[in-house]
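Source file: input-v6.cif. Holds: mmCIF, C-alpha atoms.
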data_input
#
loop_
_atom_site.label_atom_id
_atom_site.label_comp_id
_atom_site.auth_asym_id
_atom_site.auth_seq_id
_atom_site.Cartn_x
_atom_site.Cartn_y
_atom_site.Cartn_z
CA MET A 21 -52.18 -37.46 169.23
CA TRP A 22 -49.88 -35.92 171.79
CA PHE A 23 -49.99 -32.86 174.04
CA MET A 24 -47.76 -29.83 174.02
CA ARG A 25 -46.29 -29.54 177.52
CA GLN A 26 -47.51 -33.07 178.15
CA ALA A 27 -44.67 -33.60 180.63
CA GLY A 28 -44.97 -31.08 183.41
CA ARG A 29 -46.80 -29.40 186.19
CA SER A 30 -50.15 -31.17 185.77
CA LEU A 31 -48.64 -34.56 186.67
CA PRO A 32 -48.13 -35.56 190.32
CA GLU A 33 -45.36 -37.97 189.33
CA TYR A 34 -43.57 -35.05 187.67
CA HIS A 35 -43.49 -33.12 190.94
CA ARG A 36 -42.25 -36.17 192.82
CA ALA A 37 -39.45 -36.82 190.33
CA ARG A 38 -38.30 -33.23 189.81
CA GLY A 39 -38.78 -31.95 193.36
CA ASP A 40 -37.22 -28.52 193.76
CA THR A 41 -34.61 -28.97 191.01
CA ALA A 42 -34.32 -25.83 188.87
CA LEU A 43 -35.43 -26.33 185.29
CA LEU A 44 -32.05 -25.76 183.67
CA GLU A 45 -30.49 -28.12 186.19
CA ALA A 46 -33.18 -30.71 185.45
CA VAL A 47 -32.65 -30.63 181.69
CA ALA A 48 -28.90 -31.08 182.23
CA ARG A 49 -29.57 -34.52 183.77
CA PRO A 50 -30.25 -37.12 181.05
CA ASP A 51 -31.66 -39.59 183.56
CA LEU A 52 -34.20 -37.08 184.88
CA VAL A 53 -35.07 -35.84 181.38
CA THR A 54 -35.72 -39.45 180.38
CA GLU A 55 -38.03 -40.07 183.32
CA LEU A 56 -39.98 -36.83 182.87
CA THR A 57 -40.38 -37.39 179.13
CA LEU A 58 -41.61 -40.96 179.63
CA GLN A 59 -44.17 -40.18 182.34
CA PRO A 60 -47.03 -38.95 180.12
CA VAL A 61 -46.38 -41.69 177.55
CA ARG A 62 -46.76 -44.30 180.27
CA ARG A 63 -49.81 -42.61 181.80
CA TYR A 64 -51.80 -41.62 178.72
CA GLY A 65 -50.67 -43.85 175.88
CA VAL A 66 -50.11 -40.89 173.56
CA ASP A 67 -48.65 -41.50 170.11
CA ALA A 68 -45.45 -39.52 170.59
CA ALA A 69 -43.11 -38.38 173.31
CA VAL A 70 -41.83 -34.81 173.34
CA LEU A 71 -38.40 -34.17 174.79
CA PHE A 72 -38.54 -32.52 178.21
CA SER A 73 -36.49 -29.38 177.64
CA ASP A 74 -36.89 -25.66 176.92
CA ILE A 75 -36.29 -23.46 173.90
CA VAL A 76 -33.58 -21.48 175.72
CA VAL A 77 -31.46 -24.55 176.52
CA PRO A 78 -29.10 -23.91 173.55
CA LEU A 79 -28.61 -20.31 174.74
CA ALA A 80 -27.77 -21.58 178.22
CA ALA A 81 -25.33 -24.05 176.64
CA ILE A 82 -23.30 -21.20 175.09
CA ASP A 83 -23.37 -19.15 178.32
CA PHE A 84 -25.54 -16.38 176.93
CA GLY A 85 -26.66 -15.61 180.47
CA VAL A 86 -30.16 -17.05 180.61
CA ASP A 87 -32.13 -18.42 183.53
CA ILE A 88 -35.67 -19.75 183.81
CA VAL A 89 -37.43 -18.08 186.71
CA ALA A 90 -40.44 -19.86 188.20
CA GLY A 91 -43.61 -17.92 187.49
CA THR A 92 -41.87 -15.69 184.94
CA GLY A 93 -40.08 -17.77 182.31
CA PRO A 94 -36.75 -17.17 180.58
CA VAL A 95 -34.83 -14.16 181.88
CA ILE A 96 -31.68 -12.81 180.19
CA GLU A 97 -29.03 -11.40 182.52
CA ARG A 98 -27.64 -9.00 179.90
CA PRO A 99 -30.16 -8.43 177.08
CA PHE A 100 -29.04 -8.10 173.48
CA ALA A 101 -28.64 -4.40 172.77
CA GLY A 102 -26.33 -3.86 169.81
CA ARG A 103 -23.87 -5.21 167.27
CA ALA A 104 -21.22 -5.98 169.88
CA ASP A 105 -23.61 -8.53 171.39
CA LEU A 106 -23.50 -10.63 168.21
CA ASP A 107 -20.18 -12.00 169.45
CA ARG A 108 -22.07 -13.61 172.35
CA LEU A 109 -24.14 -15.73 169.95
CA ARG A 110 -22.85 -18.83 168.16
CA PRO A 111 -24.10 -22.35 167.50
CA PRO A 112 -23.51 -24.71 170.43
CA ASP A 113 -21.10 -27.53 169.71
CA ALA A 114 -21.55 -31.24 170.31
CA GLU A 115 -19.94 -31.14 173.73
CA GLU A 116 -22.16 -28.29 174.89
CA LEU A 117 -25.22 -30.27 173.80
CA ALA A 118 -23.93 -33.62 175.07
CA HIS A 119 -26.54 -33.79 177.85
CA VAL A 120 -29.35 -33.27 175.32
CA SER A 121 -27.99 -35.94 172.98
CA ALA A 122 -27.52 -38.36 175.86
CA ALA A 123 -31.13 -37.91 176.97
CA VAL A 124 -32.42 -38.46 173.42
CA ARG A 125 -30.40 -41.67 173.07
CA LEU A 126 -31.72 -42.98 176.39
CA LEU A 127 -35.28 -42.20 175.38
CA VAL A 128 -35.09 -43.73 171.92
CA ALA A 129 -33.83 -46.95 173.51
CA GLU A 130 -36.91 -47.10 175.76
CA LEU A 131 -39.71 -45.71 173.61
CA ASP A 132 -41.99 -47.60 171.26
CA VAL A 133 -43.42 -44.33 169.90
CA PRO A 134 -41.52 -41.54 168.10
CA LEU A 135 -39.65 -38.87 170.06
CA ILE A 136 -40.30 -35.26 169.03
CA GLY A 137 -37.43 -32.83 169.53
CA PHE A 138 -37.84 -29.07 169.32
CA ALA A 139 -36.21 -25.67 169.16
CA GLY A 140 -37.23 -22.05 169.45
CA ALA A 141 -37.73 -20.15 166.21
CA PRO A 142 -35.30 -17.26 165.63
CA PHE A 143 -37.94 -14.55 166.11
CA THR A 144 -39.08 -15.85 169.48
CA LEU A 145 -35.53 -16.40 170.71
CA ALA A 146 -34.62 -12.90 169.50
CA SER A 147 -37.56 -11.44 171.40
CA TYR A 148 -36.37 -13.04 174.64
CA ALA A 149 -32.81 -11.89 173.97
CA VAL A 150 -33.76 -8.28 173.24
CA GLU A 151 -36.52 -7.85 175.83
CA GLY A 152 -34.62 -9.67 178.55
CA GLY A 153 -37.62 -11.90 179.27
CA PRO A 154 -41.28 -12.37 178.40
CA SER A 155 -42.94 -9.24 177.03
CA ARG A 156 -46.51 -8.17 176.45
CA HIS A 157 -45.87 -5.64 173.70
CA HIS A 158 -42.42 -6.68 172.37
CA SER A 159 -41.65 -2.99 172.10
CA ARG A 160 -37.83 -3.21 172.18
CA THR A 161 -37.93 -6.09 169.73
CA LYS A 162 -40.05 -4.22 167.21
CA ALA A 163 -38.05 -1.02 167.65
CA MET A 164 -34.84 -2.88 166.76
CA MET A 165 -36.54 -4.79 163.96
CA LEU A 166 -37.78 -1.60 162.29
CA GLY A 167 -35.04 0.82 163.33
CA GLU A 168 -31.99 -1.39 162.79
CA PRO A 169 -33.04 -3.95 160.18
CA GLY A 170 -29.47 -4.93 159.33
CA LEU A 171 -28.67 -5.71 162.94
CA TRP A 172 -31.98 -7.54 163.30
CA LEU A 173 -31.20 -9.70 160.26
CA ASP A 174 -27.80 -10.60 161.67
CA LEU A 175 -29.36 -11.44 165.06
CA THR A 176 -31.99 -13.75 163.59
CA GLU A 177 -29.41 -15.42 161.35
CA ARG A 178 -27.24 -16.16 164.39
CA LEU A 179 -30.26 -17.56 166.20
CA ALA A 180 -31.15 -19.69 163.18
CA ASP A 181 -27.68 -21.21 163.48
CA VAL A 182 -28.35 -21.88 167.17
CA ALA A 183 -31.66 -23.62 166.40
CA ILE A 184 -30.17 -25.66 163.54
CA ALA A 185 -27.31 -26.92 165.72
CA SER A 186 -29.76 -27.92 168.45
CA LEU A 187 -32.11 -29.76 166.08
CA ARG A 188 -29.28 -31.51 164.28
CA ALA A 189 -27.98 -32.84 167.58
CA GLN A 190 -31.43 -34.12 168.57
CA VAL A 191 -32.06 -35.82 165.23
CA ALA A 192 -28.57 -37.33 165.14
CA ALA A 193 -29.26 -38.87 168.55
CA GLY A 194 -32.55 -40.37 167.35
CA ALA A 195 -35.41 -37.85 167.44
CA GLY A 196 -37.97 -38.88 164.82
CA ALA A 197 -39.58 -35.46 164.25
CA VAL A 198 -39.06 -31.88 165.39
CA GLN A 199 -41.20 -28.88 166.22
CA LEU A 200 -40.14 -25.28 165.69
CA PHE A 201 -41.84 -23.10 168.30
CA ASP A 202 -42.48 -19.49 167.32
CA SER A 203 -44.38 -18.65 170.47
CA TRP A 204 -44.41 -14.88 169.92
CA ALA A 205 -44.88 -14.76 166.14
CA GLY A 206 -48.53 -13.82 166.63
CA CYS A 207 -47.49 -10.33 167.75
CA LEU A 208 -46.40 -9.54 164.18
CA SER A 209 -48.42 -8.31 161.24
CA PRO A 210 -48.26 -10.54 158.16
CA ASP A 211 -45.98 -8.06 156.39
CA HIS A 212 -43.60 -7.82 159.31
CA TYR A 213 -43.59 -11.61 159.71
CA ARG A 214 -42.64 -12.08 156.06
CA ARG A 215 -39.88 -9.48 156.24
CA PHE A 216 -38.41 -9.98 159.68
CA ALA A 217 -39.17 -13.51 160.90
CA ALA A 218 -39.94 -15.89 158.03
CA PRO A 219 -36.51 -15.89 156.30
CA ALA A 220 -34.61 -17.18 159.33
CA SER A 221 -37.31 -19.71 160.24
CA ARG A 222 -37.37 -21.04 156.70
CA ARG A 223 -33.63 -21.55 156.84
CA VAL A 224 -34.10 -23.65 159.97
CA LEU A 225 -36.87 -25.68 158.32
CA ALA A 226 -34.73 -26.19 155.21
CA ALA A 227 -31.93 -27.56 157.39
CA VAL A 228 -34.39 -29.96 159.04
CA ALA A 229 -35.60 -31.14 155.62
CA GLU A 230 -32.04 -32.20 154.84
CA LEU A 231 -32.12 -34.42 157.95
CA GLY A 232 -35.06 -36.41 156.59
CA VAL A 233 -37.46 -36.01 159.52
CA PRO A 234 -40.86 -34.25 159.59
CA ALA A 235 -41.01 -30.68 160.86
CA ILE A 236 -43.93 -29.07 162.71
CA HIS A 237 -44.12 -25.25 162.73
CA PHE A 238 -46.21 -23.70 165.50
CA GLY A 239 -47.04 -20.18 166.61
CA VAL A 240 -49.49 -18.78 169.15
CA GLY A 241 -52.05 -16.29 167.88
CA ALA A 242 -50.65 -16.80 164.39
CA GLY A 243 -53.92 -17.23 162.50
CA GLU A 244 -53.05 -14.51 159.99
CA LEU A 245 -49.67 -16.12 159.35
CA LEU A 246 -50.62 -19.73 158.65
CA GLU A 247 -49.90 -19.76 154.94
CA ASP A 248 -46.50 -18.17 155.51
CA MET A 249 -45.66 -20.55 158.34
CA ALA A 250 -46.49 -23.51 156.11
CA VAL A 251 -43.60 -22.80 153.73
CA GLY A 252 -40.97 -25.46 154.41
CA ALA A 253 -43.02 -27.23 157.09
CA ASP A 254 -44.62 -30.67 156.90
CA VAL A 255 -47.15 -29.83 159.63
CA VAL A 256 -48.56 -26.50 160.82
CA GLY A 257 -49.75 -26.21 164.40
CA ILE A 258 -53.12 -24.47 164.74
CA ASP A 259 -54.10 -22.77 167.96
CA TRP A 260 -57.74 -22.63 169.10
CA ARG A 261 -58.47 -19.25 167.53
CA VAL A 262 -58.77 -20.64 163.98
CA PRO A 263 -61.33 -23.37 163.22
CA LEU A 264 -59.54 -26.46 161.99
CA ASP A 265 -61.64 -26.73 158.82
CA ALA A 266 -60.87 -23.10 157.95
CA ALA A 267 -57.16 -23.71 158.50
CA ARG A 268 -57.21 -26.81 156.30
CA SER A 269 -59.03 -24.91 153.57
CA ARG A 270 -56.40 -22.17 153.63
CA LEU A 271 -53.41 -24.50 153.78
CA GLY A 272 -54.52 -27.00 151.15
CA PRO A 273 -54.19 -30.79 151.05
CA ASP A 274 -50.40 -31.01 151.03
CA VAL A 275 -49.85 -29.67 154.56
CA ALA A 276 -50.78 -31.67 157.65
CA VAL A 277 -52.22 -29.86 160.66
CA GLN A 278 -51.85 -30.19 164.40
CA GLY A 279 -54.37 -29.02 166.98
CA ASN A 280 -56.47 -27.45 168.14
CA LEU A 281 -58.53 -27.91 171.33
CA ASP A 282 -58.44 -24.88 173.64
CA PRO A 283 -56.30 -25.90 176.66
CA ALA A 284 -58.73 -24.10 178.99
CA ALA A 285 -61.55 -26.33 177.77
CA CYS A 286 -59.86 -29.20 179.61
CA LEU A 287 -60.75 -27.50 182.90
CA ALA A 288 -64.48 -27.93 182.22
CA PRO A 289 -66.58 -30.99 183.18
CA TRP A 290 -65.81 -34.04 181.07
CA GLU A 291 -69.04 -33.85 179.05
CA LYS A 292 -68.04 -30.37 177.83
CA VAL A 293 -64.45 -31.44 177.10
CA ALA A 294 -65.74 -34.38 175.06
CA ALA A 295 -68.09 -32.13 173.09
CA GLU A 296 -65.27 -29.69 172.30
CA ALA A 297 -62.96 -32.52 171.25
CA ARG A 298 -65.63 -33.98 168.97
CA SER A 299 -66.06 -30.54 167.40
CA VAL A 300 -62.35 -30.50 166.53
CA LEU A 301 -62.60 -33.99 165.07
CA ALA A 302 -65.72 -33.04 163.11
CA ALA A 303 -63.96 -29.99 161.68
CA ASN A 304 -61.24 -32.27 160.37
CA ALA A 305 -63.94 -34.56 158.93
CA GLY A 306 -61.78 -37.66 158.90
CA ARG A 307 -59.20 -36.19 156.51
CA PRO A 308 -55.69 -37.68 156.77
CA GLY A 309 -52.85 -35.58 158.12
CA HIS A 310 -54.35 -34.46 161.42
CA ILE A 311 -52.41 -34.70 164.68
CA PHE A 312 -54.87 -34.11 167.51
CA ASN A 313 -53.36 -31.77 170.08
CA LEU A 314 -54.26 -28.79 172.20
CA GLY A 315 -53.98 -25.35 170.67
CA HIS A 316 -51.16 -24.62 173.13
CA GLY A 317 -49.66 -26.30 176.19
CA VAL A 318 -51.39 -28.25 178.95
CA LEU A 319 -52.34 -25.87 181.77
CA PRO A 320 -50.82 -26.74 185.18
CA GLU A 321 -54.23 -27.09 186.87
CA THR A 322 -55.51 -29.67 184.35
CA ASP A 323 -56.76 -32.92 185.84
CA PRO A 324 -54.68 -35.79 184.39
CA ALA A 325 -57.80 -37.97 184.44
CA ILE A 326 -59.44 -35.61 181.93
CA LEU A 327 -56.45 -35.87 179.61
CA GLN A 328 -56.58 -39.66 179.87
CA ARG A 329 -60.23 -39.68 178.86
CA LEU A 330 -59.42 -37.29 176.02
CA VAL A 331 -56.72 -39.60 174.65
CA ASP A 332 -59.13 -42.52 174.86
CA LEU A 333 -61.87 -40.58 173.07
CA VAL A 334 -59.62 -39.52 170.19
CA HIS A 335 -58.15 -42.99 169.77
CA ARG A 336 -61.61 -44.53 169.81
CA ASP A 337 -63.59 -42.01 167.76
CA GLY A 338 -61.03 -39.97 165.84
CA HIS A 339 -61.49 -41.64 162.47
CA ALA A 340 -65.25 -42.07 162.77
CA VAL A 341 -66.40 -38.52 163.40
CA GLU A 342 -68.24 -36.85 160.53
CA PRO A 343 -69.07 -33.14 160.20
#

Show me this structure written as structure tokens.
Amino acid sequence: MWFMRQAGRSLPEYHRARGDTALLEAVARPDLVTELTLQPVRRYGVDAAVLFSDIVVPLAAIDFGVDIVAGTGPVIERPFAGRADLDRLRPPDAEELAHVSAAVRLLVAELDVPLIGFAGAPFTLASYAVEGGPSRHHSRTKAMMLGEPGLWLDLTERLADVAIASLRAQVAAGAGAVQLFDSWAGCLSPDHYRRFAAPASRRVLAAVAELGVPAIHFGVGAGELLEDMAVGADVVGIDWRVPLDAARSRLGPDVAVQGNLDPAACLAPWEKVAAEARSVLAANAGRPGHIFNLGHGVLPETDPAILQRLVDLVHRDGHAVEP
């Protein structure tokens, strides 16, 4: 088991180490990235480390004009608006990703568990680029997707190249697995996902397969898309909205699953957290190919002591729970 966003705002040692350093400045420092990535592994004894970074780091590396604003998220200085903006998008080269590769090498030298690298899926990166930041309705994104499908295809293909370059650099430096985050895929209907998002994501997953490391594909609110997201992926991340046994039934025995405790459940008293965790384990019914995780990232207000007890429970009882 491991936690999405396991390194971050819920850990007091994270705040001490990062201080007031801006996120993009922090991820440009391999020594700091190494420390922040290692902290939850040291504290919890999880079975994997996940690189401390952000999905927009490759866009920052090519000077696309992105910043990460506290309390808001990624913000694009000049949003993508038309075909001329395609010239602003290209895969980052090795020098531009040197800080990422350096951090991965430092981590692999210290870790005795695998390091998971990650990238943003083309649809989610495109949504940030077009909207200029986080969006509730993704209205500009969908308008471009439907109104200018040729431009949209070219945009997502460029962003697939960006993701592939980032993941290749991480794996070359030693990452043992990768996760492709499609955080906003859940805003799409199944038909629109198949037409406008899946092709570029599958190209990224095919490139990862050539690298010989496992790939996890995860989307939020993507319950209607699970079968499509499984194509080309070794593991599909399941958020808390789909029962794990239902997801496994739909995906079949050849796809592993990751998830899917509701992150908000970790704010309840321990007895309730334990009961919810056991329900997840019972839904899996001891079947192989289950990575216990939350259904999304750790919430900032989560008590680290609760997460420690959760790790201990899963490691102790995970293979013994029956439905």

Expressed in Å to a single decimal, how great is the separation between atom CA of A:Trp260 and atom CA of A:Gly317?
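Result for atom CA of A:Trp260 versus atom CA of A:Gly317: 11.4 Å, one decimal.
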
Within 12 Å of stretch 141-148 of chain A, which residues of stretch 153-249 of chain A show up? Give each one with its shortest atom-to-atom distance in Å (one decimal) and the two atoms involved, counting only C-alpha atoms, rows by chain then rising residue number, as CSV.
residue,atom,partner,partner_atom,distance
A:Gly153,CA,A:Tyr148,CA,4.9
A:Pro154,CA,A:Tyr148,CA,6.2
A:Ser155,CA,A:Tyr148,CA,8.0
A:Arg156,CA,A:Ser147,CA,10.8
A:His157,CA,A:Ser147,CA,10.4
A:His158,CA,A:Ser147,CA,6.9
A:Ser159,CA,A:Ser147,CA,9.4
A:Arg160,CA,A:Ser147,CA,8.3
A:Thr161,CA,A:Ser147,CA,5.6
A:Lys162,CA,A:Ser147,CA,8.7
A:Ala163,CA,A:Ser147,CA,11.1
A:Met164,CA,A:Ser147,CA,10.1
A:Met165,CA,A:Ala146,CA,10.0
A:Leu171,CA,A:Ala146,CA,11.4
A:Trp172,CA,A:Ala146,CA,8.6
A:Leu173,CA,A:Pro142,CA,10.1
A:Asp174,CA,A:Ala146,CA,10.6
A:Leu175,CA,A:Ala146,CA,7.0
A:Thr176,CA,A:Pro142,CA,5.2
A:Glu177,CA,A:Pro142,CA,7.5
A:Arg178,CA,A:Pro142,CA,8.2
A:Leu179,CA,A:Pro142,CA,5.1
A:Ala180,CA,A:Pro142,CA,5.4
A:Asp181,CA,A:Pro142,CA,8.8
A:Val182,CA,A:Pro142,CA,8.5
A:Ala183,CA,A:Ala141,CA,7.0
A:Ile184,CA,A:Ala141,CA,9.7
A:Ser186,CA,A:Ala141,CA,11.4
A:Leu187,CA,A:Ala141,CA,11.1
A:Val198,CA,A:Ala141,CA,11.8
A:Gln199,CA,A:Ala141,CA,9.4
A:Leu200,CA,A:Ala141,CA,5.7
A:Phe201,CA,A:Ala141,CA,5.5
A:Asp202,CA,A:Ala141,CA,4.9
A:Ser203,CA,A:Thr144,CA,6.1
A:Trp204,CA,A:Thr144,CA,5.4
A:Ala205,CA,A:Thr144,CA,6.8
A:Gly206,CA,A:Thr144,CA,10.1
A:Cys207,CA,A:Thr144,CA,10.2
A:Leu208,CA,A:Phe143,CA,10.0
A:His212,CA,A:Phe143,CA,11.1
A:Tyr213,CA,A:Phe143,CA,9.0
A:Arg214,CA,A:Phe143,CA,11.4
A:Arg215,CA,A:Phe143,CA,11.3
A:Phe216,CA,A:Phe143,CA,7.9
A:Ala217,CA,A:Phe143,CA,5.5
A:Ala218,CA,A:Phe143,CA,8.4
A:Pro219,CA,A:Pro142,CA,9.5
A:Ala220,CA,A:Pro142,CA,6.3
A:Ser221,CA,A:Ala141,CA,6.0
A:Arg222,CA,A:Ala141,CA,9.6
A:Arg223,CA,A:Pro142,CA,9.9
A:Val224,CA,A:Ala141,CA,8.0
A:Leu225,CA,A:Ala141,CA,9.7
A:Ile236,CA,A:Ala141,CA,11.4
A:His237,CA,A:Ala141,CA,8.9
A:Phe238,CA,A:Ala141,CA,9.2
A:Gly239,CA,A:Ala141,CA,9.3
A:Val240,CA,A:Thr144,CA,10.8
A:Met249,CA,A:Ala141,CA,11.2

List as an MDAnalysis selection string the protein and nucleic acid residues near A:Ala297, meaning an atom at most 8 Å away when all atoms listed in the file are counted, but skip any in the same chain fewer than 5 places from it.
chainID A and resid 281 330 334

Could you write those residues out with C-alpha atoms, as an mmCIF file, in the frame of the given file?
data_model
loop_
_atom_site.group_PDB
_atom_site.id
_atom_site.type_symbol
_atom_site.label_atom_id
_atom_site.label_comp_id
_atom_site.auth_asym_id
_atom_site.auth_seq_id
_atom_site.Cartn_x
_atom_site.Cartn_y
_atom_site.Cartn_z
ATOM 1 C CA LEU A 281 -58.530 -27.910 171.330
ATOM 2 C CA LEU A 330 -59.420 -37.290 176.020
ATOM 3 C CA VAL A 334 -59.620 -39.520 170.190
#

Write out as a ChimeraX atom specification each polymer residue whose atoms come within 9 Å of stretch 309-314 of chain A, counting all atoms listed in the file; drop sequence neighbours fewer than 5 positions from it.
/A:21-24,255,257-260,273-283,300-301,304,334,338

Could you tell me how far atom CA of A:Ala192 sits from atom CA of A:Val128, in Å to one decimal place?
11.4 Å

One residue among A:Leu245, A:Ala303, A:Ala295, A:Ala253 is nearest to A:Ser209 when using only C-alpha atoms, and that residue is A:Leu245

Using Å and a single decimal, report how far atom CA of A:Ile75 sits from atom CA of A:Gly140.
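Distance between the two atoms: 4.8 Å.
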
Written as an MDAnalysis selection string, which residues does the PyMOL selection byres ((chain A and resi 45-55) around 10) give for the file shown?
chainID A and resid 27 33:34 37:44 56:60 71:74 77 81 117:128 130

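Closest approach to A:Ala250 from the set A:Ala235, A:Ala101, A:Ala69, A:Val191 is made by A:Ala235, with distances taken over only C-alpha atoms.
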
Taking all listed atoms of stretch 94-100 of chain A, build the axis-aligned box, pad each of the six sides by 6 Å, then write its centre and edge lengths in Å to one decimal as AutoDock Vina command-line options.
--center_x -32.2 --center_y -12.6 --center_z 178.0 --size_x 21.1 --size_y 21.1 --size_z 21.0

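With distances restricted to only C-alpha atoms, A:Glu168 is the closest residue to A:Gly102 from A:Glu168, A:Glu291, A:Asp254, A:Glu244.
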
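The closest residue to A:Leu109, picked from A:Ala193, A:Ala267, A:Ala149, A:Ile136 and counting all atoms listed in the file, is A:Ala149.
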
Given the choices A:Val61, A:Val233, A:Leu327, A:Ala305, which gets closest to A:Ala285 if the distance is worked out from all atoms listed in the file?
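Among the listed residues, the smallest separation from A:Ala285 belongs to A:Leu327.
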
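Among the candidates A:Asp113, A:Asp265, A:Asp323, A:Asp332, the one nearest to A:Ile82 when counting all atoms listed in the file is A:Asp113.
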